[in-house]
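Trainee: This structure is in structure tokens; I'll ask about it shortly.
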Amino acid sequence: MLRNVVAVVLEEAHPFELGVACEVFGLDRSEEGLPVYDFALATDRPGMIRTHAGFSIEVPHGVQRLATADLVIVLATDIRDEYPAPLLDALRAAVARGAWVLSICSGAFILGAAGLLDGRRCTTHWRHAALLAERFPLSRVEPDVLYVDEDQVVSSAGTAAGIDACLHLVRKLQGAEVARGIARRMVVAPHREGGQAQFVARPLPVDEGESLAGLLDWMRHHLDQELTVEQLAARAHMSPRTFARRFQQETGTTPHRWLTNQRLLLAQRLLEGTSEPVDAVAARCGFGNGATLRHHFGRRLGTTPQAYRRTFAGA
């Protein structure tokens, strides 16, 4: 169930992250057959709230509004030593009764203060990941992912990763077609692959002509083939060691992990949009057979290809 959505706005709220919540859940798209959400803003002290950008907005609801929410989005704000106790109580109560909570960027610190990250995997903006782990040692911070979905608690990395997390939750609770429809209106990808490592500052290649962009595109079109580091390095006119280092610099991951991620993305699209048998899907994606595909599906997505197809195909 995902009908009633509340976004939590505190003093020094970050406008972009607020805009993400409003854009995904606050617009009426019923003319396109998409859901309409009962969307509201709430805060610990209703009234005018100053944003991080210097302007103010009016937030009409108090934390009592969280009591009826199916989803509570905890927006980014300046990191503090303490957060309002009534808000933390309301967040704990929401999870206890089965609601979802989703943090964007530094909103993870509010979830941590409520004890909702204890024993759970989580993430935040890469600049704050070490501090989050230090403050909440019972959590398991994953600094190089875009979002984490862990037992009713979804946390996302900086800024645009909030879009990824929101669309992921829509996809999970309402199906791939709804998520695609909202993404199409927002002109964003319904699912963006990658992690924060690709956004962390690192030296750029000296020569733009040496970029691997062309090779990555070629790899996407040849996922059904066996692609080794040696073969790819030869195609890029590099030694295997130089190629592996350059690949890590440009993508933030290894060639093997990148290929596995791309193959899983293709498998998801085929399971959603075709009726091909699982073994055929596995062959088209480069996994060879259904058993290998099921192995990677279980490790990465926590489900089976058959269960995924039942959930998302032809929503």
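Each chain of the structure tokens is named A, B, ... in the order shown, its residues numbered from 1; ligands are numbered from 1 in display order.
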Per DSSP on the backbone, what are the strand (DSSP E) residues of range 44-268 of chain A, as a list of chain:residue names?

Mentor: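 After running DSSP on the backbone, range 44-268 of chain A has strand (DSSP E) at A:Gly47, A:Met48, A:Ile49, A:Arg50, A:Ser56, A:Ile57, A:Glu58, A:Val59, A:Leu71, A:Val72, A:Ile73, A:Val74, A:Trp100, A:Val101, A:Leu102, A:Ser103, A:Ile104, A:Arg121, A:Cys122, A:Arg140, A:Val141, A:Tyr147, A:Val148, A:Asp149, A:Glu150, A:Val153, A:Val154, A:Ser155, A:Ser156.
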
Trainee: Next, the residues of the selection above should be written as a PDB file, in the first residue's frame with N, CA and C atoms.

Mentor:
```
ATOM      1  N   GLY A  47       4.552  25.949  10.538  1.00  0.00           N
ATOM      2  CA  GLY A  47       4.683  27.380  10.251  1.00  0.00           C
ATOM      3  C   GLY A  47       5.743  27.601   9.187  1.00  0.00           C
ATOM      4  N   MET A  48       6.366  28.757   9.212  1.00  0.00           N
ATOM      5  CA  MET A  48       7.392  29.085   8.233  1.00  0.00           C
ATOM      6  C   MET A  48       8.711  28.400   8.600  1.00  0.00           C
ATOM      7  N   ILE A  49       9.263  27.689   7.644  1.00  0.00           N
ATOM      8  CA  ILE A  49      10.509  26.950   7.845  1.00  0.00           C
ATOM      9  C   ILE A  49      11.568  27.509   6.892  1.00  0.00           C
ATOM     10  N   ARG A  50      12.712  27.858   7.431  1.00  0.00           N
ATOM     11  CA  ARG A  50      13.804  28.391   6.616  1.00  0.00           C
ATOM     12  C   ARG A  50      14.537  27.249   5.924  1.00  0.00           C
ATOM     13  N   SER A  56      12.156  30.804   2.747  1.00  0.00           N
ATOM     14  CA  SER A  56      11.324  30.046   3.685  1.00  0.00           C
ATOM     15  C   SER A  56      10.097  29.484   2.980  1.00  0.00           C
ATOM     16  N   ILE A  57       9.565  28.397   3.539  1.00  0.00           N
ATOM     17  CA  ILE A  57       8.332  27.810   3.036  1.00  0.00           C
ATOM     18  C   ILE A  57       7.413  27.559   4.225  1.00  0.00           C
ATOM     19  N   GLU A  58       6.127  27.496   3.935  1.00  0.00           N
ATOM     20  CA  GLU A  58       5.161  27.231   5.003  1.00  0.00           C
ATOM     21  C   GLU A  58       4.869  25.737   5.055  1.00  0.00           C
ATOM     22  N   VAL A  59       5.036  25.166   6.237  1.00  0.00           N
ATOM     23  CA  VAL A  59       4.761  23.745   6.455  1.00  0.00           C
ATOM     24  C   VAL A  59       3.567  23.649   7.398  1.00  0.00           C
ATOM     25  N   LEU A  71       4.202   6.126   3.852  1.00  0.00           N
ATOM     26  CA  LEU A  71       5.611   6.402   3.607  1.00  0.00           C
ATOM     27  C   LEU A  71       5.965   7.746   4.213  1.00  0.00           C
ATOM     28  N   VAL A  72       7.049   7.778   4.981  1.00  0.00           N
ATOM     29  CA  VAL A  72       7.573   9.022   5.535  1.00  0.00           C
ATOM     30  C   VAL A  72       8.932   9.274   4.888  1.00  0.00           C
ATOM     31  N   ILE A  73       9.069  10.413   4.216  1.00  0.00           N
ATOM     32  CA  ILE A  73      10.335  10.776   3.582  1.00  0.00           C
ATOM     33  C   ILE A  73      11.039  11.788   4.474  1.00  0.00           C
ATOM     34  N   VAL A  74      12.221  11.446   4.931  1.00  0.00           N
ATOM     35  CA  VAL A  74      12.988  12.320   5.812  1.00  0.00           C
ATOM     36  C   VAL A  74      14.016  13.054   4.954  1.00  0.00           C
ATOM     37  N   TRP A 100       6.685   2.637   5.762  1.00  0.00           N
ATOM     38  CA  TRP A 100       8.033   2.770   5.241  1.00  0.00           C
ATOM     39  C   TRP A 100       8.592   4.134   5.608  1.00  0.00           C
ATOM     40  N   VAL A 101       9.900   4.198   5.829  1.00  0.00           N
ATOM     41  CA  VAL A 101      10.569   5.481   5.962  1.00  0.00           C
ATOM     42  C   VAL A 101      11.718   5.514   4.959  1.00  0.00           C
ATOM     43  N   LEU A 102      11.963   6.682   4.409  1.00  0.00           N
ATOM     44  CA  LEU A 102      12.991   6.842   3.376  1.00  0.00           C
ATOM     45  C   LEU A 102      13.736   8.139   3.640  1.00  0.00           C
ATOM     46  N   SER A 103      15.040   8.056   3.785  1.00  0.00           N
ATOM     47  CA  SER A 103      15.848   9.258   4.002  1.00  0.00           C
ATOM     48  C   SER A 103      16.586   9.620   2.730  1.00  0.00           C
ATOM     49  N   ILE A 104      16.766  10.923   2.532  1.00  0.00           N
ATOM     50  CA  ILE A 104      17.546  11.437   1.415  1.00  0.00           C
ATOM     51  C   ILE A 104      18.744  12.175   1.983  1.00  0.00           C
ATOM     52  N   ARG A 121      21.652  -2.120   7.288  1.00  0.00           N
ATOM     53  CA  ARG A 121      22.514  -1.482   6.298  1.00  0.00           C
ATOM     54  C   ARG A 121      21.904  -0.135   5.939  1.00  0.00           C
ATOM     55  N   CYS A 122      22.745   0.830   5.581  1.00  0.00           N
ATOM     56  CA  CYS A 122      22.240   2.159   5.257  1.00  0.00           C
ATOM     57  C   CYS A 122      23.300   2.911   4.472  1.00  0.00           C
ATOM     58  N   ARG A 140      25.255  -0.401   9.658  1.00  0.00           N
ATOM     59  CA  ARG A 140      26.247  -0.890   8.701  1.00  0.00           C
ATOM     60  C   ARG A 140      26.207   0.033   7.484  1.00  0.00           C
ATOM     61  N   VAL A 141      27.065   1.031   7.513  1.00  0.00           N
ATOM     62  CA  VAL A 141      27.053   2.070   6.483  1.00  0.00           C
ATOM     63  C   VAL A 141      27.744   1.557   5.222  1.00  0.00           C
ATOM     64  N   TYR A 147      21.508   3.784  -2.974  1.00  0.00           N
ATOM     65  CA  TYR A 147      20.491   3.663  -1.921  1.00  0.00           C
ATOM     66  C   TYR A 147      20.540   2.257  -1.344  1.00  0.00           C
ATOM     67  N   VAL A 148      19.935   2.102  -0.163  1.00  0.00           N
ATOM     68  CA  VAL A 148      19.839   0.809   0.520  1.00  0.00           C
ATOM     69  C   VAL A 148      18.394   0.614   0.959  1.00  0.00           C
ATOM     70  N   ASP A 149      17.863  -0.553   0.677  1.00  0.00           N
ATOM     71  CA  ASP A 149      16.510  -0.929   1.104  1.00  0.00           C
ATOM     72  C   ASP A 149      16.661  -2.031   2.137  1.00  0.00           C
ATOM     73  N   GLU A 150      16.348  -1.718   3.383  1.00  0.00           N
ATOM     74  CA  GLU A 150      16.593  -2.678   4.461  1.00  0.00           C
ATOM     75  C   GLU A 150      15.412  -2.692   5.423  1.00  0.00           C
ATOM     76  N   VAL A 153      13.135   0.342   5.930  1.00  0.00           N
ATOM     77  CA  VAL A 153      13.938   1.561   6.042  1.00  0.00           C
ATOM     78  C   VAL A 153      14.808   1.687   4.792  1.00  0.00           C
ATOM     79  N   VAL A 154      14.532   2.725   4.005  1.00  0.00           N
ATOM     80  CA  VAL A 154      15.294   2.994   2.787  1.00  0.00           C
ATOM     81  C   VAL A 154      16.116   4.252   3.020  1.00  0.00           C
ATOM     82  N   SER A 155      17.399   4.184   2.738  1.00  0.00           N
ATOM     83  CA  SER A 155      18.261   5.364   2.862  1.00  0.00           C
ATOM     84  C   SER A 155      18.955   5.572   1.525  1.00  0.00           C
ATOM     85  N   SER A 156      19.137   6.845   1.167  1.00  0.00           N
ATOM     86  CA  SER A 156      19.741   7.138  -0.130  1.00  0.00           C
ATOM     87  C   SER A 156      20.895   8.103   0.035  1.00  0.00           C
TER      88      SER A 156
END
```

Trainee: At a cut-off of 10 Å, using only C-alpha atoms, what residues contact Arg180 in chain A? Leave out same-chain residues fewer than 5 positions from it and give the result as a list of chain:residue names.

Mentor: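 Everything that qualifies: A:Leu167, A:Val170, A:Arg171, A:Gly175, A:Arg185, A:Met186, A:Val187, A:Val188, A:Ala189, A:Pro190, A:His191.
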
Trainee: Which residues are close to Phe25 in chain A, i.e. within 12 Å by only C-alpha atoms, leaving aside same-chain residues fewer than 6 positions away? Reply as an mmCIF file with all heavy atoms, in the first residue's frame.

Mentor:
```
data_model
loop_
_atom_site.group_PDB
_atom_site.id
_atom_site.type_symbol
_atom_site.label_atom_id
_atom_site.label_comp_id
_atom_site.auth_asym_id
_atom_site.auth_seq_id
_atom_site.Cartn_x
_atom_site.Cartn_y
_atom_site.Cartn_z
ATOM 1 N N LEU A 2 0.634 2.143 -0.925
ATOM 2 C CA LEU A 2 1.369 3.398 -0.966
ATOM 3 C C LEU A 2 0.432 4.482 -1.491
ATOM 4 O O LEU A 2 0.316 4.702 -2.696
ATOM 5 C CB LEU A 2 2.608 3.275 -1.861
ATOM 6 C CG LEU A 2 3.517 4.504 -1.939
ATOM 7 C CD1 LEU A 2 3.955 4.942 -0.557
ATOM 8 C CD2 LEU A 2 4.732 4.225 -2.810
ATOM 9 N N ARG A 3 -0.258 5.114 -0.566
ATOM 10 C CA ARG A 3 -1.190 6.189 -0.929
ATOM 11 C C ARG A 3 -0.908 7.472 -0.166
ATOM 12 O O ARG A 3 -1.022 8.557 -0.707
ATOM 13 C CB ARG A 3 -2.635 5.746 -0.659
ATOM 14 C CG ARG A 3 -3.117 4.593 -1.530
ATOM 15 C CD ARG A 3 -4.538 4.187 -1.156
ATOM 16 N NE ARG A 3 -5.008 3.072 -1.981
ATOM 17 C CZ ARG A 3 -6.136 2.424 -1.760
ATOM 18 N NH1 ARG A 3 -6.927 2.772 -0.741
ATOM 19 N NH2 ARG A 3 -6.492 1.425 -2.539
ATOM 20 N N ASN A 4 -0.557 7.328 1.095
ATOM 21 C CA ASN A 4 -0.410 8.483 1.980
ATOM 22 C C ASN A 4 1.078 8.723 2.224
ATOM 23 O O ASN A 4 1.756 7.891 2.822
ATOM 24 C CB ASN A 4 -1.145 8.188 3.297
ATOM 25 C CG ASN A 4 -1.343 9.437 4.126
ATOM 26 O OD1 ASN A 4 -0.441 10.248 4.245
ATOM 27 N ND2 ASN A 4 -2.523 9.568 4.710
ATOM 28 N N VAL A 5 1.601 9.853 1.754
ATOM 29 C CA VAL A 5 3.033 10.136 1.817
ATOM 30 C C VAL A 5 3.256 11.464 2.531
ATOM 31 O O VAL A 5 2.612 12.462 2.211
ATOM 32 C CB VAL A 5 3.654 10.198 0.406
ATOM 33 C CG1 VAL A 5 5.150 10.488 0.486
ATOM 34 C CG2 VAL A 5 3.390 8.902 -0.348
ATOM 35 N N VAL A 6 4.169 11.461 3.488
ATOM 36 C CA VAL A 6 4.502 12.670 4.240
ATOM 37 C C VAL A 6 5.997 12.917 4.127
ATOM 38 O O VAL A 6 6.808 12.006 4.318
ATOM 39 C CB VAL A 6 4.113 12.537 5.731
ATOM 40 C CG1 VAL A 6 4.552 13.782 6.513
ATOM 41 C CG2 VAL A 6 2.614 12.338 5.870
ATOM 42 N N ALA A 7 6.357 14.147 3.811
ATOM 43 C CA ALA A 7 7.759 14.547 3.780
ATOM 44 C C ALA A 7 8.053 15.409 4.999
ATOM 45 O O ALA A 7 7.325 16.366 5.295
ATOM 46 C CB ALA A 7 8.073 15.324 2.505
ATOM 47 N N LEU A 18 13.788 18.386 -1.076
ATOM 48 C CA LEU A 18 12.351 18.624 -0.906
ATOM 49 C C LEU A 18 11.648 18.540 -2.251
ATOM 50 O O LEU A 18 10.568 17.942 -2.372
ATOM 51 C CB LEU A 18 12.127 20.000 -0.269
ATOM 52 C CG LEU A 18 10.681 20.507 -0.224
ATOM 53 C CD1 LEU A 18 9.800 19.557 0.569
ATOM 54 C CD2 LEU A 18 10.639 21.915 0.373
ATOM 55 N N GLY A 19 12.264 19.128 -3.280
ATOM 56 C CA GLY A 19 11.676 19.079 -4.611
ATOM 57 C C GLY A 19 11.547 17.662 -5.142
ATOM 58 O O GLY A 19 10.590 17.342 -5.860
ATOM 59 N N LEU A 34 -1.708 7.203 -13.697
ATOM 60 C CA LEU A 34 -0.772 6.994 -12.603
ATOM 61 C C LEU A 34 -1.436 7.328 -11.267
ATOM 62 O O LEU A 34 -2.398 8.106 -11.217
ATOM 63 C CB LEU A 34 0.469 7.868 -12.813
ATOM 64 C CG LEU A 34 1.307 7.506 -14.043
ATOM 65 C CD1 LEU A 34 2.384 8.546 -14.293
ATOM 66 C CD2 LEU A 34 1.927 6.120 -13.884
ATOM 67 N N PRO A 35 -0.929 6.774 -10.169
ATOM 68 C CA PRO A 35 -1.561 7.000 -8.865
ATOM 69 C C PRO A 35 -1.490 8.468 -8.436
ATOM 70 O O PRO A 35 -0.571 9.205 -8.809
ATOM 71 C CB PRO A 35 -0.742 6.126 -7.917
ATOM 72 C CG PRO A 35 -0.012 5.166 -8.781
ATOM 73 C CD PRO A 35 0.216 5.855 -10.081
ATOM 74 N N VAL A 36 -2.465 8.855 -7.641
ATOM 75 C CA VAL A 36 -2.451 10.164 -6.989
ATOM 76 C C VAL A 36 -2.242 9.918 -5.505
ATOM 77 O O VAL A 36 -2.984 9.152 -4.885
ATOM 78 C CB VAL A 36 -3.762 10.925 -7.221
ATOM 79 C CG1 VAL A 36 -3.733 12.257 -6.470
ATOM 80 C CG2 VAL A 36 -3.986 11.164 -8.706
ATOM 81 N N TYR A 37 -1.236 10.557 -4.935
ATOM 82 C CA TYR A 37 -0.899 10.339 -3.533
ATOM 83 C C TYR A 37 -1.463 11.456 -2.661
ATOM 84 O O TYR A 37 -1.532 12.620 -3.078
ATOM 85 C CB TYR A 37 0.620 10.276 -3.359
ATOM 86 C CG TYR A 37 1.284 9.223 -4.218
ATOM 87 C CD1 TYR A 37 1.885 9.562 -5.423
ATOM 88 C CD2 TYR A 37 1.287 7.885 -3.822
ATOM 89 C CE1 TYR A 37 2.486 8.592 -6.223
ATOM 90 C CE2 TYR A 37 1.884 6.913 -4.611
ATOM 91 C CZ TYR A 37 2.479 7.274 -5.817
ATOM 92 O OH TYR A 37 3.068 6.319 -6.610
ATOM 93 N N ASP A 38 -1.857 11.088 -1.467
ATOM 94 C CA ASP A 38 -2.216 12.082 -0.451
ATOM 95 C C ASP A 38 -0.898 12.560 0.148
ATOM 96 O O ASP A 38 -0.355 11.942 1.055
ATOM 97 C CB ASP A 38 -3.115 11.438 0.602
ATOM 98 C CG ASP A 38 -3.572 12.426 1.669
ATOM 99 O OD1 ASP A 38 -3.208 13.621 1.576
ATOM 100 O OD2 ASP A 38 -4.273 11.996 2.603
ATOM 101 N N PHE A 39 -0.380 13.652 -0.380
ATOM 102 C CA PHE A 39 0.968 14.110 -0.060
ATOM 103 C C PHE A 39 0.911 15.334 0.844
ATOM 104 O O PHE A 39 0.106 16.240 0.624
ATOM 105 C CB PHE A 39 1.718 14.450 -1.349
ATOM 106 C CG PHE A 39 3.121 14.953 -1.130
ATOM 107 C CD1 PHE A 39 4.144 14.083 -0.793
ATOM 108 C CD2 PHE A 39 3.408 16.303 -1.266
ATOM 109 C CE1 PHE A 39 5.438 14.550 -0.583
ATOM 110 C CE2 PHE A 39 4.701 16.779 -1.074
ATOM 111 C CZ PHE A 39 5.715 15.897 -0.730
ATOM 112 N N ALA A 40 1.755 15.357 1.872
ATOM 113 C CA ALA A 40 1.756 16.476 2.810
ATOM 114 C C ALA A 40 3.164 16.719 3.328
ATOM 115 O O ALA A 40 4.018 15.834 3.320
ATOM 116 C CB ALA A 40 0.814 16.186 3.986
ATOM 117 N N LEU A 41 3.390 17.956 3.789
ATOM 118 C CA LEU A 41 4.634 18.328 4.461
ATOM 119 C C LEU A 41 4.365 18.436 5.953
ATOM 120 O O LEU A 41 3.327 18.953 6.373
ATOM 121 C CB LEU A 41 5.156 19.666 3.937
ATOM 122 C CG LEU A 41 5.431 19.782 2.441
ATOM 123 C CD1 LEU A 41 5.974 21.167 2.112
ATOM 124 C CD2 LEU A 41 6.393 18.702 1.974
ATOM 125 N N LEU A 71 4.202 6.126 3.852
ATOM 126 C CA LEU A 71 5.611 6.402 3.607
ATOM 127 C C LEU A 71 5.965 7.746 4.213
ATOM 128 O O LEU A 71 5.260 8.736 3.983
ATOM 129 C CB LEU A 71 5.911 6.424 2.104
ATOM 130 C CG LEU A 71 7.265 6.992 1.671
ATOM 131 C CD1 LEU A 71 8.409 6.139 2.194
ATOM 132 C CD2 LEU A 71 7.334 7.112 0.145
ATOM 133 N N VAL A 72 7.049 7.778 4.981
ATOM 134 C CA VAL A 72 7.573 9.022 5.535
ATOM 135 C C VAL A 72 8.932 9.274 4.888
ATOM 136 O O VAL A 72 9.836 8.445 4.997
ATOM 137 C CB VAL A 72 7.726 8.964 7.070
ATOM 138 C CG1 VAL A 72 8.298 10.285 7.595
ATOM 139 C CG2 VAL A 72 6.381 8.661 7.725
ATOM 140 N N ILE A 73 9.069 10.413 4.216
ATOM 141 C CA ILE A 73 10.335 10.776 3.582
ATOM 142 C C ILE A 73 11.039 11.788 4.474
ATOM 143 O O ILE A 73 10.492 12.864 4.756
ATOM 144 C CB ILE A 73 10.101 11.370 2.183
ATOM 145 C CG1 ILE A 73 9.331 10.385 1.305
ATOM 146 C CG2 ILE A 73 11.434 11.727 1.526
ATOM 147 C CD1 ILE A 73 8.965 10.942 -0.054
ATOM 148 N N ILE A 163 16.029 10.548 -5.936
ATOM 149 C CA ILE A 163 15.127 10.166 -7.015
ATOM 150 C C ILE A 163 15.181 8.658 -7.221
ATOM 151 O O ILE A 163 14.159 7.991 -7.358
ATOM 152 C CB ILE A 163 15.496 10.902 -8.316
ATOM 153 C CG1 ILE A 163 15.412 12.418 -8.125
ATOM 154 C CG2 ILE A 163 14.597 10.446 -9.467
ATOM 155 C CD1 ILE A 163 15.893 13.210 -9.319
ATOM 156 N N CYS A 166 13.329 6.876 -4.358
ATOM 157 C CA CYS A 166 11.869 7.027 -4.436
ATOM 158 C C CYS A 166 11.292 6.160 -5.550
ATOM 159 O O CYS A 166 10.278 5.475 -5.351
ATOM 160 C CB CYS A 166 11.510 8.490 -4.658
ATOM 161 S SG CYS A 166 11.776 9.575 -3.223
ATOM 162 N N LEU A 167 11.932 6.177 -6.721
ATOM 163 C CA LEU A 167 11.428 5.363 -7.825
ATOM 164 C C LEU A 167 11.580 3.871 -7.528
ATOM 165 O O LEU A 167 10.736 3.066 -7.934
ATOM 166 C CB LEU A 167 12.159 5.729 -9.115
ATOM 167 C CG LEU A 167 11.832 7.108 -9.688
ATOM 168 C CD1 LEU A 167 12.687 7.386 -10.919
ATOM 169 C CD2 LEU A 167 10.347 7.233 -10.033
ATOM 170 N N LEU A 169 11.251 2.515 -4.585
ATOM 171 C CA LEU A 169 10.171 2.129 -3.685
ATOM 172 C C LEU A 169 8.837 2.071 -4.434
ATOM 173 O O LEU A 169 8.014 1.177 -4.189
ATOM 174 C CB LEU A 169 10.093 3.107 -2.515
ATOM 175 C CG LEU A 169 9.294 2.630 -1.299
ATOM 176 C CD1 LEU A 169 9.786 1.274 -0.810
ATOM 177 C CD2 LEU A 169 9.369 3.649 -0.175
ATOM 178 N N VAL A 170 8.609 3.019 -5.338
ATOM 179 C CA VAL A 170 7.399 2.961 -6.171
ATOM 180 C C VAL A 170 7.385 1.659 -6.970
ATOM 181 O O VAL A 170 6.364 0.967 -7.046
ATOM 182 C CB VAL A 170 7.335 4.172 -7.116
ATOM 183 C CG1 VAL A 170 6.225 3.991 -8.154
ATOM 184 C CG2 VAL A 170 7.101 5.452 -6.329
ATOM 185 N N VAL A 178 4.294 1.737 -13.172
ATOM 186 C CA VAL A 178 4.065 2.997 -12.466
ATOM 187 C C VAL A 178 5.371 3.765 -12.327
ATOM 188 O O VAL A 178 5.438 4.973 -12.575
ATOM 189 C CB VAL A 178 3.427 2.751 -11.083
ATOM 190 C CG1 VAL A 178 3.318 4.056 -10.296
ATOM 191 C CG2 VAL A 178 2.052 2.120 -11.238
ATOM 192 N N ALA A 179 6.437 3.054 -11.928
ATOM 193 C CA ALA A 179 7.733 3.721 -11.789
ATOM 194 C C ALA A 179 8.208 4.296 -13.114
ATOM 195 O O ALA A 179 8.730 5.418 -13.175
ATOM 196 C CB ALA A 179 8.773 2.741 -11.237
ATOM 197 N N ILE A 182 6.170 7.533 -13.940
ATOM 198 C CA ILE A 182 6.617 8.710 -13.186
ATOM 199 C C ILE A 182 7.975 9.176 -13.694
ATOM 200 O O ILE A 182 8.211 10.377 -13.879
ATOM 201 C CB ILE A 182 6.679 8.389 -11.686
ATOM 202 C CG1 ILE A 182 5.276 8.094 -11.146
ATOM 203 C CG2 ILE A 182 7.308 9.542 -10.908
ATOM 204 C CD1 ILE A 182 5.255 7.629 -9.696
ATOM 205 N N ALA A 183 8.882 8.225 -13.939
ATOM 206 C CA ALA A 183 10.212 8.590 -14.439
ATOM 207 C C ALA A 183 10.120 9.277 -15.791
ATOM 208 O O ALA A 183 10.854 10.236 -16.067
ATOM 209 C CB ALA A 183 11.081 7.335 -14.530
ATOM 210 N N MET A 186 9.226 12.791 -15.336
ATOM 211 C CA MET A 186 10.329 13.536 -14.749
ATOM 212 C C MET A 186 11.545 13.612 -15.677
ATOM 213 O O MET A 186 12.512 14.316 -15.378
ATOM 214 C CB MET A 186 10.753 12.880 -13.426
ATOM 215 C CG MET A 186 9.699 12.938 -12.342
ATOM 216 S SD MET A 186 10.201 12.041 -10.846
ATOM 217 C CE MET A 186 11.636 12.998 -10.334
#
```

Trainee: Nearest to Ala313 in chain A among A:Leu265, A:Ala176, A:Leu301, A:Ala113, with distances taken over only C-alpha atoms: which residue is it?

Mentor: A:Ala176

Trainee: Given only C-alpha atoms as the basis, pick out the residue of A:Thr254, A:Thr43, A:Gln225, A:Gln306 nearest to Arg284 in chain A.

Mentor: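 Of the candidates, the smallest distance to Arg284 in chain A is held by A:Gln225.
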
Trainee: For CA of Tyr83 in chain A and CA of Asp144 in chain A, determine how far apart the two atoms are, in Å to one decimal place.

Mentor: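 Computing it gives 26.1 Å between the two atoms.
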
Trainee: Near Arg294 in chain A, counting only C-alpha atoms, which residues have an atom at most 10 Å away, once you skip same-chain residues fewer than 3 positions from it, shown as a list in words?

Mentor: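 Using only C-alpha atoms, the neighbours found are Val278, Asp279, Ala282, Phe287, Asn289, Gly290, Ala291, Phe297, Gly298, Arg299, Arg300, Leu301, Gly302, Thr303, Thr304, Pro305 and Gln306 of chain A.
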
Trainee: Work out how far apart CA of His221 in chain A and CA of Arg246 in chain A are and give it in Å to one decimal.

Mentor: 20.6 Å

Trainee: Considering only C-alpha atoms, state which residue in the set A:Gly54, A:Pro86, A:Gly98, A:Gly107 is at the smallest distance from Asp70 in chain A.

Mentor: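 Smallest separation from Asp70 in chain A among the options: A:Gly98.
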
Trainee: Go through A:Lys172, A:His256, A:Arg235, A:Arg241 one by one, measure the shortest atom-to-atom distance of each to Thr311 in chain A using only C-alpha atoms, and give the residue with the smallest value.

Mentor: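 Closest to Thr311 in chain A, using only C-alpha atoms: A:Lys172.
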
Trainee: What is the CA of Ala13 in chain A-CA of Pro143 in chain A distance in Å, reported with one decimal?

Mentor: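 According to the coordinates, CA of Ala13 in chain A and CA of Pro143 in chain A are separated by 22.3 Å.
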
Trainee: Would you mind listing what lies within 8 Å of Glu17 in chain A as a PyMOL selection string, with only C-alpha atoms counted and same-chain residues fewer than 3 positions away left out?

Mentor: chain A and resi 14+20-21+75-76+104+159-160+162

Trainee: Considering only C-alpha atoms, return as a list in words whatever protein or nucleic-acid residues lie within 10 Å of Glu230 in chain A, sequence-local ones (same chain, fewer than 2 positions apart) excluded.

Mentor: Leu227, Thr228, Leu232, Ala233, Ala234, Arg235, Ala236, Met238, Ser239, Pro240, Arg241, Phe243 and Ala244 of chain A

Trainee: Can you list, as JSON, numbers by chain, all residues belonging to range 69-294 of chain A that DSSP tags as helix (DSSP H, G or I)?

Mentor: {"A": [85, 86, 87, 88, 89, 90, 91, 92, 93, 94, 95, 96, 105, 106, 107, 108, 109, 110, 111, 112, 113, 129, 130, 131, 132, 133, 134, 135, 161, 162, 163, 164, 165, 166, 167, 168, 169, 170, 171, 172, 173, 174, 176, 177, 178, 179, 180, 181, 182, 183, 184, 185, 186, 196, 197, 198, 199, 208, 209, 210, 213, 214, 215, 216, 217, 218, 219, 220, 229, 230, 231, 232, 233, 234, 235, 240, 241, 242, 243, 244, 245, 246, 247, 248, 249, 250, 251, 255, 256, 257, 258, 259, 260, 261, 262, 263, 264, 265, 266, 267, 268, 269, 270, 271, 272, 273, 278, 279, 280, 281, 282, 283, 284, 285, 290, 291, 292, 293, 294]}
